[in-house]
Each structure stands twice: as structure tokens, then as C-alpha cells.
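The block underneath contains the structure these notes are about, expressed in C-alpha cells.
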Amino acid sequence: MSHSTYVSASVPHSFKDFWAKMGWDAPNWKVEGSTIGSKRTLDMPGVKVVDELVAIEETPNMCMLKYKLLNDDNPLDVKGWRGQITVYRNSFDENSCSFVYQSTYDSSSKTPAEIQAMVDGQFSGELKKEGSDEQKTE
């Protein structure tokens, strides 16, 4: 059985500036390369996440990365996590952009509602810090 999460928001930052904060090379991550198959690690007290880059695409109007979670001892307690972060240029306002996060996973000891709440929590603080007052989850 597969489950999914979804978060989207409008962000009052330029497309490239926000991509630098949310992309593969995001702050707080130890990154070991930027090509397909590269790994990155977030290692903080009580939290360890290891990702592998599956795909990355950058165009003048969109940046997207896909990754999979490698460690089973992750904070979400999920197996088979695959995530996608996409940032879109706002063609009407150079000082804002749109952010979309989507993921799927195979299993977890937590309910889908608990997982979505954790994902919301992960992004809501960052999005509010960046000035977003809009966040949509499904």
C-alpha cells in the first residue's frame, strides 16, 4: 500500500533565493555531491535523515529535485519514502515563487494523518520564517 503527502505555498522570495534554501544543498545538510546518486545527511540530536538524489532539473522557470530516504531509523518511521521538492518562478512577480512538496511512502508505524502532520510541521516553520502566510496540505 502506498501513501502520500502534499504541501504547497506561495513564498515572498525570488525563485532562485528560495531554491537555495530548499534545494539539495539546503542549510544544515551535509551534502556529498550534487549528481544523481549523491547522498546528503541531516544529523542533529534525536534526528538523522539520509537521502539519495534520484533526479534534479533546473530550468529558467522551475527547479525540482527528487530523492529517496535511505535510513530506516528516520524520524517519520517510514519505509520506501520518495520525495519531490519543486519551486516555480512567479511570472507576475519576480519577488515571489511557489513551493510544492510531494512524497509517497510504502509503510509506517504512524497513521497517514500523523505523517502529514509531521510533514506540515517540518515545512510550516520554514515557510513562515520565509514570510509565507499561505500553506495548503492534502
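Identifiers in this document derive from the order of the C-alpha cells: chains are assigned A, B, ..., residues are numbered from 1 separately in each chain, and ligands are numbered from 1 in order of occurrence.
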
Using only C-alpha atoms, determine which residues lie at most 9 Å from range 49-52 of chain A, disregarding the query and same-chain residues fewer than 2 positions distant; provide the list as a list in words.
Ile36, Gly37, Ser38, Lys39, Arg40, Thr41, Leu42, Asp43, Val47, Val54, Lys66, Tyr67, Lys68, Leu69, Leu70, Asn71, Asp72, Asp73, Asn74 and Pro75 of chain A

Expected file: the selected residues, all heavy atoms, as a short mmCIF file (atom, residue, chain, number, x, y, z; two decimals), in the first residue's frame:
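Now in result08.cif:
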data_model
loop_
_atom_site.label_atom_id
_atom_site.label_comp_id
_atom_site.auth_asym_id
_atom_site.auth_seq_id
_atom_site.Cartn_x
_atom_site.Cartn_y
_atom_site.Cartn_z
N ILE A 36 23.15 12.69 -9.64
CA ILE A 36 22.26 11.58 -9.35
C ILE A 36 23.03 10.51 -8.58
O ILE A 36 24.15 10.16 -8.95
CB ILE A 36 21.67 10.99 -10.64
CG1 ILE A 36 20.98 12.07 -11.47
CG2 ILE A 36 20.71 9.83 -10.35
CD1 ILE A 36 19.93 12.86 -10.77
N GLY A 37 22.46 10.01 -7.50
CA GLY A 37 23.12 9.01 -6.66
C GLY A 37 23.86 9.61 -5.48
O GLY A 37 24.27 8.89 -4.58
N SER A 38 24.03 10.96 -5.47
CA SER A 38 24.68 11.62 -4.34
C SER A 38 23.83 11.48 -3.09
O SER A 38 22.62 11.35 -3.16
CB SER A 38 24.91 13.10 -4.65
OG SER A 38 25.79 13.26 -5.72
N LYS A 39 24.50 11.56 -1.95
CA LYS A 39 23.80 11.44 -0.68
C LYS A 39 23.96 12.72 0.13
O LYS A 39 24.92 13.47 -0.05
CB LYS A 39 24.35 10.26 0.10
CG LYS A 39 24.08 8.97 -0.65
CD LYS A 39 24.50 7.75 0.08
CE LYS A 39 24.21 6.48 -0.66
NZ LYS A 39 24.46 6.46 -2.08
N ARG A 40 22.98 12.96 1.00
CA ARG A 40 23.07 14.06 1.96
C ARG A 40 22.53 13.57 3.29
O ARG A 40 21.67 12.68 3.34
CB ARG A 40 22.34 15.31 1.48
CG ARG A 40 20.84 15.18 1.46
CD ARG A 40 20.17 16.47 1.02
NE ARG A 40 18.72 16.30 1.06
CZ ARG A 40 17.86 17.26 0.86
NH1 ARG A 40 18.28 18.48 0.60
NH2 ARG A 40 16.56 17.02 0.92
N THR A 41 23.05 14.15 4.38
CA THR A 41 22.68 13.70 5.73
C THR A 41 22.32 14.89 6.59
O THR A 41 23.04 15.90 6.61
CB THR A 41 23.86 12.94 6.38
OG1 THR A 41 24.23 11.85 5.52
CG2 THR A 41 23.48 12.41 7.74
N LEU A 42 21.22 14.77 7.29
CA LEU A 42 20.83 15.71 8.34
C LEU A 42 21.01 14.95 9.64
O LEU A 42 20.35 13.94 9.88
CB LEU A 42 19.38 16.15 8.17
CG LEU A 42 18.83 17.09 9.23
CD1 LEU A 42 19.57 18.43 9.21
CD2 LEU A 42 17.34 17.30 9.03
N ASP A 43 21.96 15.38 10.47
CA ASP A 43 22.27 14.66 11.70
C ASP A 43 22.26 15.65 12.85
O ASP A 43 23.20 16.42 13.04
CB ASP A 43 23.63 13.99 11.57
CG ASP A 43 23.85 12.89 12.59
OD1 ASP A 43 22.96 12.68 13.44
OD2 ASP A 43 24.90 12.23 12.53
N VAL A 47 17.61 13.22 15.64
CA VAL A 47 17.11 13.22 14.27
C VAL A 47 18.25 12.87 13.32
O VAL A 47 19.27 13.54 13.31
CB VAL A 47 16.54 14.60 13.87
CG1 VAL A 47 16.12 14.61 12.41
CG2 VAL A 47 15.39 14.99 14.76
N VAL A 54 17.74 11.37 -6.61
CA VAL A 54 17.25 10.50 -7.67
C VAL A 54 17.14 11.26 -8.99
O VAL A 54 17.42 10.72 -10.05
CB VAL A 54 15.88 9.90 -7.28
CG1 VAL A 54 15.26 9.11 -8.41
CG2 VAL A 54 16.02 9.04 -6.03
N LYS A 66 14.15 15.22 -6.84
CA LYS A 66 13.51 14.02 -6.31
C LYS A 66 14.56 13.26 -5.53
O LYS A 66 15.72 13.22 -5.93
CB LYS A 66 12.98 13.13 -7.44
CG LYS A 66 11.84 13.73 -8.20
CD LYS A 66 11.35 12.76 -9.27
CE LYS A 66 10.21 13.36 -10.05
NZ LYS A 66 9.70 12.45 -11.08
N TYR A 67 14.16 12.70 -4.42
CA TYR A 67 15.09 11.95 -3.58
C TYR A 67 14.36 10.78 -2.95
O TYR A 67 13.14 10.71 -2.93
CB TYR A 67 15.68 12.86 -2.50
CG TYR A 67 14.68 13.29 -1.46
CD1 TYR A 67 14.52 12.56 -0.29
CD2 TYR A 67 13.86 14.39 -1.66
CE1 TYR A 67 13.59 12.93 0.66
CE2 TYR A 67 12.93 14.77 -0.73
CZ TYR A 67 12.79 14.03 0.43
OH TYR A 67 11.85 14.39 1.36
N LYS A 68 15.16 9.86 -2.42
CA LYS A 68 14.58 8.78 -1.62
C LYS A 68 15.31 8.73 -0.29
O LYS A 68 16.50 9.06 -0.19
CB LYS A 68 14.66 7.44 -2.35
CG LYS A 68 16.06 6.93 -2.62
CD LYS A 68 16.00 5.62 -3.39
CE LYS A 68 17.39 5.14 -3.75
NZ LYS A 68 17.34 3.90 -4.52
N LEU A 69 14.58 8.34 0.73
CA LEU A 69 15.11 8.23 2.08
C LEU A 69 15.79 6.87 2.21
O LEU A 69 15.21 5.85 1.84
CB LEU A 69 13.95 8.35 3.06
CG LEU A 69 14.22 8.66 4.51
CD1 LEU A 69 14.98 9.97 4.66
CD2 LEU A 69 12.91 8.74 5.25
N LEU A 70 17.01 6.86 2.73
CA LEU A 70 17.78 5.62 2.81
C LEU A 70 17.73 4.95 4.18
O LEU A 70 17.80 3.72 4.27
CB LEU A 70 19.23 5.88 2.42
CG LEU A 70 19.47 6.35 0.99
CD1 LEU A 70 20.96 6.57 0.76
CD2 LEU A 70 18.92 5.35 -0.02
N ASN A 71 17.66 5.73 5.25
CA ASN A 71 17.77 5.13 6.58
C ASN A 71 16.40 4.78 7.16
O ASN A 71 15.46 5.56 7.13
CB ASN A 71 18.55 6.02 7.54
CG ASN A 71 17.91 7.37 7.77
OD1 ASN A 71 17.48 8.03 6.83
ND2 ASN A 71 17.86 7.79 9.03
N ASP A 72 16.29 3.56 7.68
CA ASP A 72 15.04 3.09 8.30
C ASP A 72 14.80 3.70 9.68
O ASP A 72 13.68 3.70 10.17
CB ASP A 72 15.05 1.56 8.42
CG ASP A 72 14.88 0.89 7.07
OD1 ASP A 72 14.40 1.55 6.12
OD2 ASP A 72 15.22 -0.30 6.97
N ASP A 73 15.85 4.25 10.31
CA ASP A 73 15.70 4.85 11.64
C ASP A 73 15.43 6.35 11.53
O ASP A 73 15.95 7.16 12.25
CB ASP A 73 16.93 4.59 12.50
CG ASP A 73 18.21 5.16 11.91
OD1 ASP A 73 18.25 5.42 10.68
OD2 ASP A 73 19.17 5.35 12.67
N ASN A 74 14.56 6.73 10.58
CA ASN A 74 14.25 8.13 10.34
C ASN A 74 13.14 8.61 11.28
O ASN A 74 12.39 7.80 11.82
CB ASN A 74 13.86 8.33 8.87
CG ASN A 74 12.64 7.51 8.50
OD1 ASN A 74 11.53 7.82 8.89
ND2 ASN A 74 12.86 6.43 7.74
N PRO A 75 13.01 9.93 11.48
CA PRO A 75 12.03 10.46 12.43
C PRO A 75 10.57 10.15 12.06
O PRO A 75 9.71 10.12 12.94
CB PRO A 75 12.26 11.98 12.40
CG PRO A 75 13.53 12.19 11.69
CD PRO A 75 13.84 10.96 10.91
#

Secondary structure check, strand (DSSP E) residues of chain A, as a ChimeraX atom specification
/A:3-11,30-32,39-44,47-58,62-69,78-79,82-89,97-105,107-108,136-137

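Considering only C-alpha atoms, the residue among A:Trp24, A:Trp81, A:Trp29, A:Tyr88 positioned nearest to Asn61 in chain A is A:Tyr88.
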
For Leu65 in chain A, please output as a short mmCIF file (atom, residue, chain, number, x, y, z; two decimals) with C-alpha atoms, in the first residue's frame all residues within 9 Å (counting only C-alpha atoms; exclusion window: fewer than 4 positions along the same chain).
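Dumped everything to result.cif:
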data_model
loop_
_atom_site.label_atom_id
_atom_site.label_comp_id
_atom_site.auth_asym_id
_atom_site.auth_seq_id
_atom_site.Cartn_x
_atom_site.Cartn_y
_atom_site.Cartn_z
CA GLY A 23 17.04 22.60 -2.74
CA TRP A 24 19.52 19.74 -2.45
CA LEU A 53 19.35 12.25 -5.02
CA VAL A 54 17.25 10.50 -7.67
CA ALA A 55 16.61 13.35 -10.13
CA ILE A 56 17.26 17.07 -10.43
CA GLU A 57 16.07 19.53 -13.04
CA GLU A 58 16.63 23.26 -13.28
CA GLY A 83 10.03 12.95 -2.03
CA GLN A 84 9.90 15.74 -4.57
CA ILE A 85 10.55 19.44 -3.96
CA THR A 86 9.60 21.86 -6.73
#

Shortest contact to Ser103 in chain A, candidates A:Met22, A:Cys63, A:Val78, A:Asn28, atoms counted only C-alpha atoms, goes to A:Val78

Just to confirm, what's the straight-line distance from CA of Ser96 in chain A to CA of Val11 in chain A in Å (one decimal)?
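About the pair CA of Ser96 in chain A and CA of Val11 in chain A: they are 5.5 Å apart.
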
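Atom pair CA of His13 in chain A / CA of Val31 in chain A has a distance of 23.8 Å (rounded to one decimal).
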
Just checking: using only C-alpha atoms, which residue out of A:Ser107, A:Lys48, A:Arg89, A:Glu32 ends up closest to Ser14 in chain A?
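That would be A:Arg89, the residue with the smallest distance to Ser14 in chain A.
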
Mind checking DSSP for chain A and telling me the alpha helix (DSSP H) residues as a PyMOL selection string?
chain A and resi 15-22+112-129

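Between Tyr6 in chain A and the candidates A:Thr104, A:Thr59, A:Ser109, A:Ser91, the tightest atom-to-atom separation, counting only C-alpha atoms, involves A:Thr104.
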
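Here the question is which of A:Trp19, A:Phe123, A:Tyr105, A:Phe92 gets nearest to Gly80 in chain A using only C-alpha atoms, and that residue is A:Tyr105.
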
I'd like to know which of A:Pro45, A:Asp25, A:Met62, A:Gly121 is closest to Ser98 in chain A, using only C-alpha atoms.
A:Met62
